[in-house]
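A.B. asks: Dropping in upload10.tsv, with TSV, C-alpha atoms.
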chain	number	residue	atom	x	y	z
A	1	MET	CA	42.50	13.98	75.20
A	2	LYS	CA	41.14	16.83	73.12
A	3	PRO	CA	43.06	15.95	69.93
A	4	VAL	CA	41.62	12.44	70.10
A	5	ARG	CA	38.05	13.73	70.38
A	6	HIS	CA	38.73	16.21	67.59
A	7	ALA	CA	40.14	13.47	65.36
A	8	ARG	CA	37.09	11.31	65.99
A	9	GLY	CA	34.76	14.23	65.21
A	10	GLU	CA	36.65	14.95	62.00
A	11	ALA	CA	36.45	11.31	60.95
A	12	THR	CA	32.69	11.30	61.51
A	13	ARG	CA	32.28	14.56	59.59
A	14	GLN	CA	34.29	13.07	56.72
A	15	ALA	CA	32.23	9.86	56.78
A	16	ILE	CA	29.03	11.93	56.62
A	17	LEU	CA	30.37	13.93	53.66
A	18	GLU	CA	31.31	10.79	51.75
A	19	ALA	CA	27.97	9.10	52.40
A	20	ALA	CA	26.13	12.30	51.45
A	21	GLU	CA	28.01	12.56	48.16
A	22	THR	CA	26.87	9.03	47.25
A	23	VAL	CA	23.25	9.77	48.21
A	24	PHE	CA	23.12	13.13	46.37
A	25	ALA	CA	24.75	11.53	43.31
A	26	GLU	CA	22.24	8.68	43.27
A	27	VAL	CA	18.96	10.47	43.88
A	28	GLY	CA	19.65	14.21	43.58
A	29	PHE	CA	19.26	17.04	46.08
A	30	ALA	CA	15.47	17.14	46.26
A	31	THR	CA	14.99	13.43	46.93
A	32	ALA	CA	17.97	12.92	49.23
A	33	ARG	CA	17.05	12.42	52.90
A	34	LEU	CA	19.31	13.02	55.89
A	35	GLU	CA	17.98	9.70	57.28
A	36	ASP	CA	19.53	7.83	54.35
A	37	VAL	CA	22.87	9.54	54.83
A	38	ALA	CA	22.76	8.74	58.56
A	39	ALA	CA	21.90	5.10	57.85
A	40	ALA	CA	24.83	4.81	55.42
A	41	VAL	CA	27.24	6.14	58.07
A	42	GLY	CA	25.68	4.01	60.81
A	43	ILE	CA	24.64	6.96	62.98
A	44	ARG	CA	21.27	8.62	63.72
A	45	ARG	CA	19.83	11.73	62.06
A	46	PRO	CA	20.44	14.06	65.07
A	47	SER	CA	24.17	13.22	64.86
A	48	ILE	CA	24.26	14.68	61.34
A	49	ILE	CA	22.54	17.85	62.52
A	50	TYR	CA	25.40	18.25	65.02
A	51	TYR	CA	27.78	18.67	62.06
A	52	PHE	CA	25.47	20.11	59.37
A	53	ALA	CA	22.44	22.17	60.36
A	54	ASN	CA	20.27	21.00	57.45
A	55	LYS	CA	20.24	19.32	54.05
A	56	GLN	CA	21.25	22.48	52.17
A	57	GLU	CA	24.30	22.95	54.40
A	58	LEU	CA	25.32	19.33	53.93
A	59	TYR	CA	24.85	19.57	50.16
A	60	ASP	CA	26.87	22.80	50.06
A	61	ALA	CA	29.73	21.14	51.93
A	62	VAL	CA	29.71	18.24	49.44
A	63	GLU	CA	29.66	20.52	46.42
A	64	GLU	CA	32.34	22.80	47.86
A	65	ASP	CA	34.61	19.82	48.50
A	66	ILE	CA	34.07	18.44	44.98
A	67	PHE	CA	34.99	21.67	43.23
A	68	ALA	CA	37.87	22.46	45.61
A	69	CYS	CA	39.46	19.03	44.98
A	70	MET	CA	38.84	19.21	41.22
A	71	HIS	CA	40.39	22.69	41.17
A	72	GLN	CA	43.47	21.41	43.06
A	73	GLN	CA	43.95	18.59	40.56
A	74	ALA	CA	43.54	21.02	37.64
A	75	LEU	CA	46.09	23.39	39.20
A	76	LYS	CA	48.65	20.58	39.39
A	77	GLY	CA	48.11	19.80	35.73
A	78	ILE	CA	48.47	23.47	34.81
A	79	ALA	CA	51.55	24.13	36.97
A	80	ALA	CA	53.40	21.09	35.62
A	81	ASN	CA	53.50	22.64	32.15
A	82	ASP	CA	54.80	25.76	30.40
A	83	LYS	CA	53.24	25.98	26.94
A	84	PRO	CA	49.61	27.19	26.82
A	85	ILE	CA	48.37	24.08	25.02
A	86	ASP	CA	50.11	21.77	27.52
A	87	ARG	CA	48.69	23.81	30.42
A	88	LEU	CA	45.19	23.46	28.98
A	89	LEU	CA	45.65	19.72	28.42
A	90	GLY	CA	47.02	19.45	31.98
A	91	LEU	CA	43.92	21.20	33.31
A	92	LEU	CA	41.57	18.90	31.36
A	93	ASP	CA	43.56	15.80	32.34
A	94	GLY	CA	43.17	16.93	35.96
A	95	TRP	CA	39.38	17.07	35.49
A	96	LEU	CA	39.26	13.71	33.72
A	97	ASP	CA	41.40	11.90	36.30
A	98	PHE	CA	39.45	13.46	39.16
A	99	LEU	CA	36.08	12.41	37.69
A	100	VAL	CA	37.23	8.88	36.82
A	101	ALA	CA	38.45	8.42	40.41
A	102	ARG	CA	35.29	9.97	41.88
A	103	PRO	CA	32.30	9.15	39.66
A	104	SER	CA	29.82	10.29	42.31
A	105	ALA	CA	31.21	13.81	41.81
A	106	ALA	CA	30.62	13.49	38.06
A	107	ARG	CA	26.95	12.64	38.65
A	108	ILE	CA	26.50	15.58	41.02
A	109	ILE	CA	28.03	18.03	38.51
A	110	GLN	CA	25.94	16.49	35.73
A	111	ARG	CA	22.81	17.10	37.85
A	112	LEU	CA	23.94	20.63	38.62
A	113	VAL	CA	23.95	21.54	34.93
A	114	ALA	CA	20.35	20.31	34.55
A	115	ASP	CA	19.08	21.51	37.88
A	116	VAL	CA	19.05	24.98	39.37
A	117	THR	CA	17.47	23.88	42.66
A	118	PRO	CA	20.46	23.44	44.98
A	119	ARG	CA	22.24	26.58	43.76
A	120	ARG	CA	19.23	28.77	43.00
A	121	GLY	CA	20.44	32.35	42.62
A	122	ASN	CA	24.12	31.45	42.48
A	123	PRO	CA	24.79	28.43	40.26
A	124	THR	CA	28.56	28.94	40.30
A	125	GLN	CA	29.03	29.58	44.04
A	126	PHE	CA	31.47	26.66	44.25
A	127	SER	CA	32.28	25.91	40.59
A	128	ASN	CA	33.48	29.43	39.80
A	129	ILE	CA	37.08	28.53	40.70
A	130	LEU	CA	37.03	25.89	37.96
A	131	LEU	CA	35.62	28.27	35.36
A	132	ARG	CA	38.24	30.86	36.28
A	133	ASP	CA	41.00	28.29	35.76
A	134	VAL	CA	39.75	27.74	32.22
A	135	GLU	CA	39.49	31.48	31.56
A	136	MET	CA	43.03	32.01	32.82
A	137	VAL	CA	44.62	29.27	30.74
A	138	VAL	CA	42.63	29.97	27.56
A	139	ASN	CA	43.23	33.72	27.79
A	140	GLU	CA	46.96	33.12	28.31
A	141	GLY	CA	47.02	31.02	25.15
A	142	ILE	CA	45.15	33.69	23.16
A	143	ALA	CA	47.48	36.43	24.46
A	144	ALA	CA	50.51	34.36	23.46
A	145	GLY	CA	49.09	33.89	19.96
A	146	ASP	CA	49.03	30.13	20.45
A	147	PHE	CA	45.21	29.93	20.55
A	148	ARG	CA	42.58	31.48	18.32
A	149	PRO	CA	40.24	33.90	20.15
A	150	ILE	CA	37.88	31.16	21.38
A	151	PRO	CA	35.39	31.97	24.17
A	152	PRO	CA	36.60	30.06	27.26
A	153	MET	CA	33.04	28.86	27.99
A	154	HIS	CA	32.98	27.25	24.52
A	155	VAL	CA	35.93	25.19	25.73
A	156	VAL	CA	33.98	24.23	28.88
A	157	ASN	CA	30.83	23.28	26.94
A	158	ALA	CA	32.47	21.60	23.97
A	159	VAL	CA	35.50	19.89	25.49
A	160	GLY	CA	35.19	19.93	29.29
A	161	SER	CA	31.73	18.37	29.18
A	162	SER	CA	32.92	15.22	27.47
A	163	SER	CA	34.75	13.85	30.54
A	164	LEU	CA	31.51	14.05	32.55
A	165	PHE	CA	29.68	12.08	29.88
A	166	TYR	CA	32.50	9.58	29.55
A	167	VAL	CA	32.39	8.85	33.30
A	168	CYS	CA	28.58	8.91	33.77
A	169	ASN	CA	27.67	6.95	30.62
A	170	GLY	CA	29.62	3.74	31.30
A	171	LYS	CA	26.46	1.86	32.29
A	172	GLN	CA	23.89	4.21	30.72
A	173	LEU	CA	24.23	3.34	27.03
A	174	GLY	CA	22.74	-0.12	27.23
A	175	SER	CA	24.32	-3.44	28.24
A	176	ASN	CA	25.70	-4.05	24.73
A	177	ARG	CA	27.62	-0.75	24.87
A	178	SER	CA	28.71	-0.68	28.52
A	179	TYR	CA	32.32	0.04	29.42
A	180	ASP	CA	34.42	0.66	32.52
A	181	ALA	CA	35.54	4.31	32.50
A	182	ALA	CA	38.42	3.45	34.87
A	183	ASP	CA	39.79	0.68	32.64
A	184	PRO	CA	43.30	1.89	31.66
A	185	LYS	CA	42.95	1.02	27.96
A	186	GLU	CA	39.49	2.58	27.69
A	187	LEU	CA	40.69	5.67	29.55
A	188	GLU	CA	43.77	6.14	27.37
A	189	SER	CA	41.65	5.85	24.23
A	190	PHE	CA	39.28	8.51	25.52
A	191	ARG	CA	42.11	10.76	26.74
A	192	GLU	CA	43.74	10.62	23.31
A	193	LEU	CA	40.48	11.82	21.75
A	194	LEU	CA	40.08	14.53	24.41
A	195	HIS	CA	43.56	15.87	23.62
A	196	LEU	CA	42.95	15.74	19.88
A	197	LEU	CA	39.68	17.69	20.22
A	198	THR	CA	41.21	20.22	22.60
A	199	ARG	CA	44.06	20.93	20.18
A	200	ALA	CA	41.55	21.30	17.33
A	201	ALA	CA	39.34	23.62	19.39
A	202	VAL	CA	42.02	26.18	20.20
A	203	ALA	CA	44.33	25.94	17.16
A	204	PRO	CA	44.62	29.20	15.20
A	205	ALA	CA	43.02	29.03	11.72
A	206	THR	CA	46.48	29.05	10.10
A	207	ALA	CA	47.54	25.92	12.00
A	208	ARG	CA	44.61	23.79	10.80
B	1	MET	CA	-19.47	14.17	16.97
B	2	LYS	CA	-16.85	11.53	17.70
B	3	PRO	CA	-13.99	13.22	15.80
B	4	VAL	CA	-14.59	16.42	17.76
B	5	ARG	CA	-14.39	14.62	21.10
B	6	HIS	CA	-11.31	12.79	19.91
B	7	ALA	CA	-9.63	16.01	18.84
B	8	ARG	CA	-10.36	17.61	22.21
B	9	GLY	CA	-8.99	14.55	24.02
B	10	GLU	CA	-5.87	14.62	21.90
B	11	ALA	CA	-5.36	18.33	22.63
B	12	THR	CA	-5.66	17.67	26.36
B	13	ARG	CA	-3.25	14.74	26.14
B	14	GLN	CA	-0.77	16.94	24.28
B	15	ALA	CA	-1.16	19.77	26.82
B	16	ILE	CA	-0.47	17.28	29.64
B	17	LEU	CA	2.64	16.01	27.85
B	18	GLU	CA	4.01	19.51	27.35
B	19	ALA	CA	3.35	20.57	30.94
B	20	ALA	CA	4.89	17.32	32.20
B	21	GLU	CA	8.03	17.88	30.14
B	22	THR	CA	8.50	21.28	31.79
B	23	VAL	CA	7.92	19.88	35.28
B	24	PHE	CA	10.23	16.86	34.79
B	25	ALA	CA	12.91	19.16	33.31
B	26	GLU	CA	12.71	21.57	36.23
B	27	VAL	CA	12.60	19.23	39.21
B	28	GLY	CA	13.40	15.74	37.93
B	29	PHE	CA	11.39	12.52	37.97
B	30	ALA	CA	11.49	11.82	41.70
B	31	THR	CA	10.30	15.26	42.79
B	32	ALA	CA	7.75	15.84	40.03
B	33	ARG	CA	4.13	15.60	41.20
B	34	LEU	CA	1.11	14.89	39.02
B	35	GLU	CA	-0.66	17.69	40.93
B	36	ASP	CA	1.84	20.23	39.55
B	37	VAL	CA	1.37	18.97	36.01
B	38	ALA	CA	-2.41	19.16	36.43
B	39	ALA	CA	-2.20	22.68	37.82
B	40	ALA	CA	-0.04	23.81	34.87
B	41	VAL	CA	-2.63	22.44	32.41
B	42	GLY	CA	-5.54	23.84	34.43
B	43	ILE	CA	-7.16	20.47	35.09
B	44	ARG	CA	-7.39	18.22	38.15
B	45	ARG	CA	-5.19	15.24	38.99
B	46	PRO	CA	-7.83	12.59	38.16
B	47	SER	CA	-8.05	13.99	34.62
B	48	ILE	CA	-4.37	13.14	34.11
B	49	ILE	CA	-4.93	9.60	35.37
B	50	TYR	CA	-7.54	9.23	32.61
B	51	TYR	CA	-4.73	9.67	30.05
B	52	PHE	CA	-1.69	8.35	31.97
B	53	ALA	CA	-2.16	5.71	34.68
B	54	ASN	CA	0.69	6.98	36.87
B	55	LYS	CA	3.80	9.17	37.00
B	56	GLN	CA	6.05	6.54	35.43
B	57	GLU	CA	3.70	6.17	32.46
B	58	LEU	CA	3.56	9.95	32.00
B	59	TYR	CA	7.33	10.24	32.24
B	60	ASP	CA	7.78	7.40	29.75
B	61	ALA	CA	5.48	9.16	27.26
B	62	VAL	CA	7.50	12.38	27.62
B	63	GLU	CA	10.83	10.63	27.17
B	64	GLU	CA	9.56	8.57	24.25
B	65	ASP	CA	8.33	11.71	22.51
B	66	ILE	CA	11.63	13.56	23.09
B	67	PHE	CA	13.77	10.82	21.59
B	68	ALA	CA	11.34	10.09	18.75
B	69	CYS	CA	11.34	13.78	17.69
B	70	MET	CA	15.10	14.12	18.10
B	71	HIS	CA	15.57	10.96	16.01
B	72	GLN	CA	13.30	12.35	13.27
B	73	GLN	CA	15.32	15.58	13.14
B	74	ALA	CA	18.57	13.61	13.00
B	75	LEU	CA	17.21	11.43	10.18
B	76	LYS	CA	16.41	14.54	8.12
B	77	GLY	CA	19.96	15.80	8.61
B	78	ILE	CA	21.38	12.42	7.62
B	79	ALA	CA	19.13	11.92	4.59
B	80	ALA	CA	19.89	15.37	3.19
B	81	ASN	CA	23.54	14.41	2.66
B	82	ASP	CA	25.63	11.85	0.80
B	83	LYS	CA	29.19	11.95	2.13
B	84	PRO	CA	29.74	10.24	5.52
B	85	ILE	CA	31.15	13.39	7.18
B	86	ASP	CA	28.21	15.49	5.95
B	87	ARG	CA	25.76	12.84	7.13
B	88	LEU	CA	27.37	12.86	10.58
B	89	LEU	CA	27.33	16.68	10.70
B	90	GLY	CA	23.69	16.59	9.57
B	91	LEU	CA	22.86	14.19	12.40
B	92	LEU	CA	24.60	16.38	15.00
B	93	ASP	CA	23.02	19.56	13.58
B	94	GLY	CA	19.65	17.82	13.96
B	95	TRP	CA	20.40	17.18	17.64
B	96	LEU	CA	21.66	20.72	18.22
B	97	ASP	CA	18.70	22.41	16.53
B	98	PHE	CA	16.24	20.14	18.31
B	99	LEU	CA	17.76	20.89	21.75
B	100	VAL	CA	18.01	24.64	21.14
B	101	ALA	CA	14.32	24.71	20.17
B	102	ARG	CA	13.32	22.48	23.10
B	103	PRO	CA	15.61	23.19	26.07
B	104	SER	CA	13.34	21.28	28.47
B	105	ALA	CA	14.27	18.14	26.51
B	106	ALA	CA	17.96	18.96	26.96
B	107	ARG	CA	17.51	19.15	30.75
B	108	ILE	CA	15.64	15.83	30.83
B	109	ILE	CA	18.39	14.08	28.83
B	110	GLN	CA	21.03	15.70	31.03
B	111	ARG	CA	19.24	14.29	34.09
B	112	LEU	CA	18.94	10.90	32.44
B	113	VAL	CA	22.72	10.62	32.12
B	114	ALA	CA	23.17	11.34	35.84
B	115	ASP	CA	20.16	9.45	37.05
B	116	VAL	CA	19.22	5.83	36.59
B	117	THR	CA	15.93	6.13	38.48
B	118	PRO	CA	13.35	6.65	35.73
B	119	ARG	CA	14.92	4.06	33.43
B	120	ARG	CA	16.20	1.59	36.01
B	121	GLY	CA	17.04	-1.66	34.24
B	122	ASN	CA	16.76	-0.23	30.74
B	123	PRO	CA	18.45	3.18	30.44
B	124	THR	CA	18.22	3.23	26.63
B	125	GLN	CA	14.59	2.09	26.26
B	126	PHE	CA	13.78	5.26	24.32
B	127	SER	CA	17.21	6.70	23.48
B	128	ASN	CA	18.42	3.57	21.69
B	129	ILE	CA	17.15	4.83	18.32
B	130	LEU	CA	19.47	7.84	18.65
B	131	LEU	CA	22.48	5.73	19.55
B	132	ARG	CA	21.78	3.43	16.59
B	133	ASP	CA	21.71	6.45	14.26
B	134	VAL	CA	25.22	7.37	15.41
B	135	GLU	CA	26.44	3.78	15.05
B	136	MET	CA	25.01	3.59	11.53
B	137	VAL	CA	26.55	6.84	10.30
B	138	VAL	CA	29.93	6.36	12.00
B	139	ASN	CA	30.23	2.76	10.82
B	140	GLU	CA	29.35	3.83	7.26
B	141	GLY	CA	32.16	6.37	7.38
B	142	ILE	CA	34.64	3.82	8.70
B	143	ALA	CA	33.61	1.28	6.03
B	144	ALA	CA	34.06	3.93	3.33
B	145	GLY	CA	37.55	4.72	4.63
B	146	ASP	CA	36.52	8.32	5.33
B	147	PHE	CA	36.67	7.91	9.12
B	148	ARG	CA	39.28	6.37	11.37
B	149	PRO	CA	38.01	3.35	13.38
B	150	ILE	CA	36.55	5.47	16.19
B	151	PRO	CA	34.11	3.86	18.65
B	152	PRO	CA	30.68	5.40	17.92
B	153	MET	CA	30.03	5.94	21.64
B	154	HIS	CA	33.21	8.04	21.80
B	155	VAL	CA	31.50	10.31	19.27
B	156	VAL	CA	28.39	10.45	21.50
B	157	ASN	CA	30.37	11.23	24.67
B	158	ALA	CA	32.94	13.59	23.19
B	159	VAL	CA	30.97	15.47	20.53
B	160	GLY	CA	27.24	14.77	20.97
B	161	SER	CA	27.34	15.76	24.63
B	162	SER	CA	28.49	19.28	23.94
B	163	SER	CA	25.14	20.42	22.53
B	164	LEU	CA	23.43	19.43	25.77
B	165	PHE	CA	25.88	21.53	27.76
B	166	TYR	CA	25.62	24.43	25.34
B	167	VAL	CA	21.82	24.51	25.74
B	168	CYS	CA	21.64	23.81	29.51
B	169	ASN	CA	24.50	26.09	30.58
B	170	GLY	CA	23.21	29.42	29.21
B	171	LYS	CA	22.19	30.59	32.67
B	172	GLN	CA	24.27	28.16	34.75
B	173	LEU	CA	27.76	29.65	34.38
B	174	GLY	CA	27.13	32.78	36.43
B	175	SER	CA	25.54	36.10	35.45
B	176	ASN	CA	28.81	37.44	34.01
B	177	ARG	CA	29.02	34.49	31.61
B	178	SER	CA	25.37	34.00	30.69
B	179	TYR	CA	24.32	33.71	27.06
B	180	ASP	CA	21.21	32.94	25.01
B	181	ALA	CA	21.70	29.54	23.33
B	182	ALA	CA	19.05	30.45	20.74
B	183	ASP	CA	20.75	33.70	19.74
B	184	PRO	CA	21.64	33.20	16.03
B	185	LYS	CA	25.17	34.58	16.35
B	186	GLU	CA	25.92	32.59	19.49
B	187	LEU	CA	24.45	29.45	17.90
B	188	GLU	CA	26.47	29.79	14.69
B	189	SER	CA	29.66	30.27	16.67
B	190	PHE	CA	28.95	27.11	18.65
B	191	ARG	CA	27.89	25.14	15.55
B	192	GLU	CA	31.15	26.08	13.81
B	193	LEU	CA	33.09	24.66	16.76
B	194	LEU	CA	30.90	21.53	16.84
B	195	HIS	CA	31.63	20.89	13.15
B	196	LEU	CA	35.34	21.52	13.60
B	197	LEU	CA	35.54	19.07	16.52
B	198	THR	CA	33.45	16.45	14.71
B	199	ARG	CA	35.75	16.58	11.69
B	200	ALA	CA	38.79	16.30	13.97
B	201	ALA	CA	37.26	13.36	15.89
B	202	VAL	CA	36.67	11.14	12.85
B	203	ALA	CA	39.46	12.22	10.48
B	204	PRO	CA	41.87	9.39	9.57
B	205	ALA	CA	45.38	9.89	10.99
B	206	THR	CA	46.74	10.66	7.51
B	207	ALA	CA	44.29	13.54	7.02
B	208	ARG	CA	45.33	15.36	10.20
Can you turn what I pasted into C-alpha cells?

C.D. replies:
Amino acid sequence: MKPVRHARGEATRQAILEAAETVFAEVGFATARLEDVAAAVGIRRPSIIYYFANKQELYDAVEEDIFACMHQQALKGIAANDKPIDRLLGLLDGWLDFLVARPSAARIIQRLVADVTPRRGNPTQFSNILLRDVEMVVNEGIAAGDFRPIPPMHVVNAVGSSSLFYVCNGKQLGSNRSYDAADPKELESFRELLHLLTRAAVAPATAR
Amino acid sequence: MKPVRHARGEATRQAILEAAETVFAEVGFATARLEDVAAAVGIRRPSIIYYFANKQELYDAVEEDIFACMHQQALKGIAANDKPIDRLLGLLDGWLDFLVARPSAARIIQRLVADVTPRRGNPTQFSNILLRDVEMVVNEGIAAGDFRPIPPMHVVNAVGSSSLFYVCNGKQLGSNRSYDAADPKELESFRELLHLLTRAAVAPATAR
C-alpha cells in the first residue's frame, strides 16, 4: 500500500509545482499567492503547506527544477558533439528547445534578471550550473584556439539572452507583429540566426 | 507668481516620476505602493494623487517617459549616419547608452517582456515608437540591398535584447562574475561585440 500512497503524494507535489510555475510566471514572486496555486491544483492551501512550508520554499523548488531541467537539456546538446563550436551550439539549442517547450520557465528567468527579490543575496543559487556549462564550453574553445578570448558572460548576455526574448515576446510586440515561438518554421528561422550570431561571437579575428 | 508655482509643481512631478521609476524597477508594478513612492520623495500619498490619479496612471507616465527618451536617443544615433548599417548601429548604440545611464529603465523593460499586467491588452502602447524605429532602419537597409531580408523583430529579439541583459546582469550572475556595466572598458568590450553581432545578423549571404 505504501508505494501507492507515495505515488499519489508525488503526483500531488508535481501538480503543485506545475501550477506554481504558471502562477509565478504570470504574476511574479511578490504577487503570487499560495491560495491561487491551491485553486489551480484543486486542493486547499493547507495541503500545499504539507509539501512546501511557505511561498519561498515553493518558489525555490520551481526555480531549482527549471534550471536543473535546462541544464540537463544543455548537457545533452554538449555531449552529442565534439568540436567546441558544435558543443556551444548544442548547449544553446538545448536552452532554446527547453524554453520553447516551457515558456513559463522563460518568463520566470526573465523576471529573475530584473528582480533580485526571490534570490536576494544569492541570485545564482540555482542558475549557477547553467553559467558553469557556458564557462566550460567557451573556455574549452578558447584553449583549443577555436574561439577568441571572449568572456563567457558576454556569450550569456549577448547570445543566450535572445532565446528568452524570442519565447517571451511572441505576444508582446503588438498584434500586428505577433508570432508563435513554437511554430516550426518560425523556430528554424530564429535558430539559424542564433547559430549565425554564436559563430560570429566566438570566431577568432583571423576567421572573420 | 504663477511661473514660480508652476516650476515648483513641475519639479515635484518630476521627483515623483523619478522615485516611481526606482520603485517600479525594484519591485514591479503589482507590488509597488504609492506610499513608498511618496516616502522616497518626502511627501504624503495624497500629494501624489494630485499629480497622478492612481498607480496605473503613474506607471504609464514612467513607461511613456522611458520609451520617449530611449526613442529620442535612438533617433540621434540614426540621424547622425547615412549608411543603413551605421544607422542601425547608431540606433542600437542609442539604446545601449540610454540603458547604461538609466538602469532602472532597463529593469522596467525587462519586467515588461515577462509581464503583461501593466500593459494588458496593449503591450506596445509606449514601446511601439521604438519598434517602428527598428522596422524603418532595417527595411531601409533591405531596400538598399545592404541587408538580407531579416525580420526586424528578429533584430529586436536577437540583438536589441542583449543590452538589457548586459545592464541588468551586472550583479545578477554571482559575486565572482559581477561587473560594472558603466565601466568604460567593460562597456566598450560589450559594444564591440554588439556591433559585430549586428553586422553578422543583417549581412547578405554573399558578404559572409

A.B. asks: Which one of A:Ile129, A:Leu58, A:Ala38, A:Ala114 sits closest to Ala74 in chain A if you count all atoms listed in the file?

C.D. replies: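 Distance minimum relative to Ala74 in chain A lands on A:Ile129.
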
A.B. asks: If you count all atoms listed in the file, which residues fall within 9 Å of Tyr166 in chain B, apart from same-chain ones fewer than 5 positions away, as a JSON list (two decimals) with C-alpha atoms, keeping the file's coordinate frame?

C.D. replies:
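Written output follows (part37.json):
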[["chain", "number", "residue", "atom", "x", "y", "z"],
["A", 154, "HIS", "CA", 32.98, 27.25, 24.52],
["A", 157, "ASN", "CA", 30.83, 23.28, 26.94],
["A", 158, "ALA", "CA", 32.47, 21.60, 23.97],
["B", 96, "LEU", "CA", 21.66, 20.72, 18.22],
["B", 100, "VAL", "CA", 18.01, 24.64, 21.14],
["B", 161, "SER", "CA", 27.34, 15.76, 24.63],
["B", 181, "ALA", "CA", 21.70, 29.54, 23.33],
["B", 190, "PHE", "CA", 28.95, 27.11, 18.65]]

A.B. asks: Which residue out of A:Glu135, A:Glu35, A:Glu63, A:Glu57 has the minimum interatomic distance to chain B when all atoms listed in the file are used?

C.D. replies: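 Smallest distance to chain B is found for A:Glu135.
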
A.B. asks: Could you list, as an NGL selection string, the residues of chain A having an atom within 8 Å of chain B when counting all atoms listed in the file?

C.D. replies: :A and (25-27 or 30-31 or 107-108 or 110-111 or 113-117 or 122-124 or 128 or 153-154 or 157-159 or 161-163 or 165-166 or 168-169 or 172-174 or 177 or 190 or 193-194 or 196-197 or 200-201)

A.B. asks: Mind listing whatever residues come within 7 Å of the point (28.8, 12.1, 12.3)? Use all atoms listed in the file, file coordinates, and give them as a ChimeraX atom specification.

C.D. replies: /B:85,87-89,91-92,134,137-138,198

A.B. asks: Expressed in Å to a single decimal, how great is the separation between CA of Ala61 in chain B and CA of Trp95 in chain B?

C.D. replies: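 Between CA of Ala61 in chain B and CA of Trp95 in chain B the gap works out to 19.5 Å.
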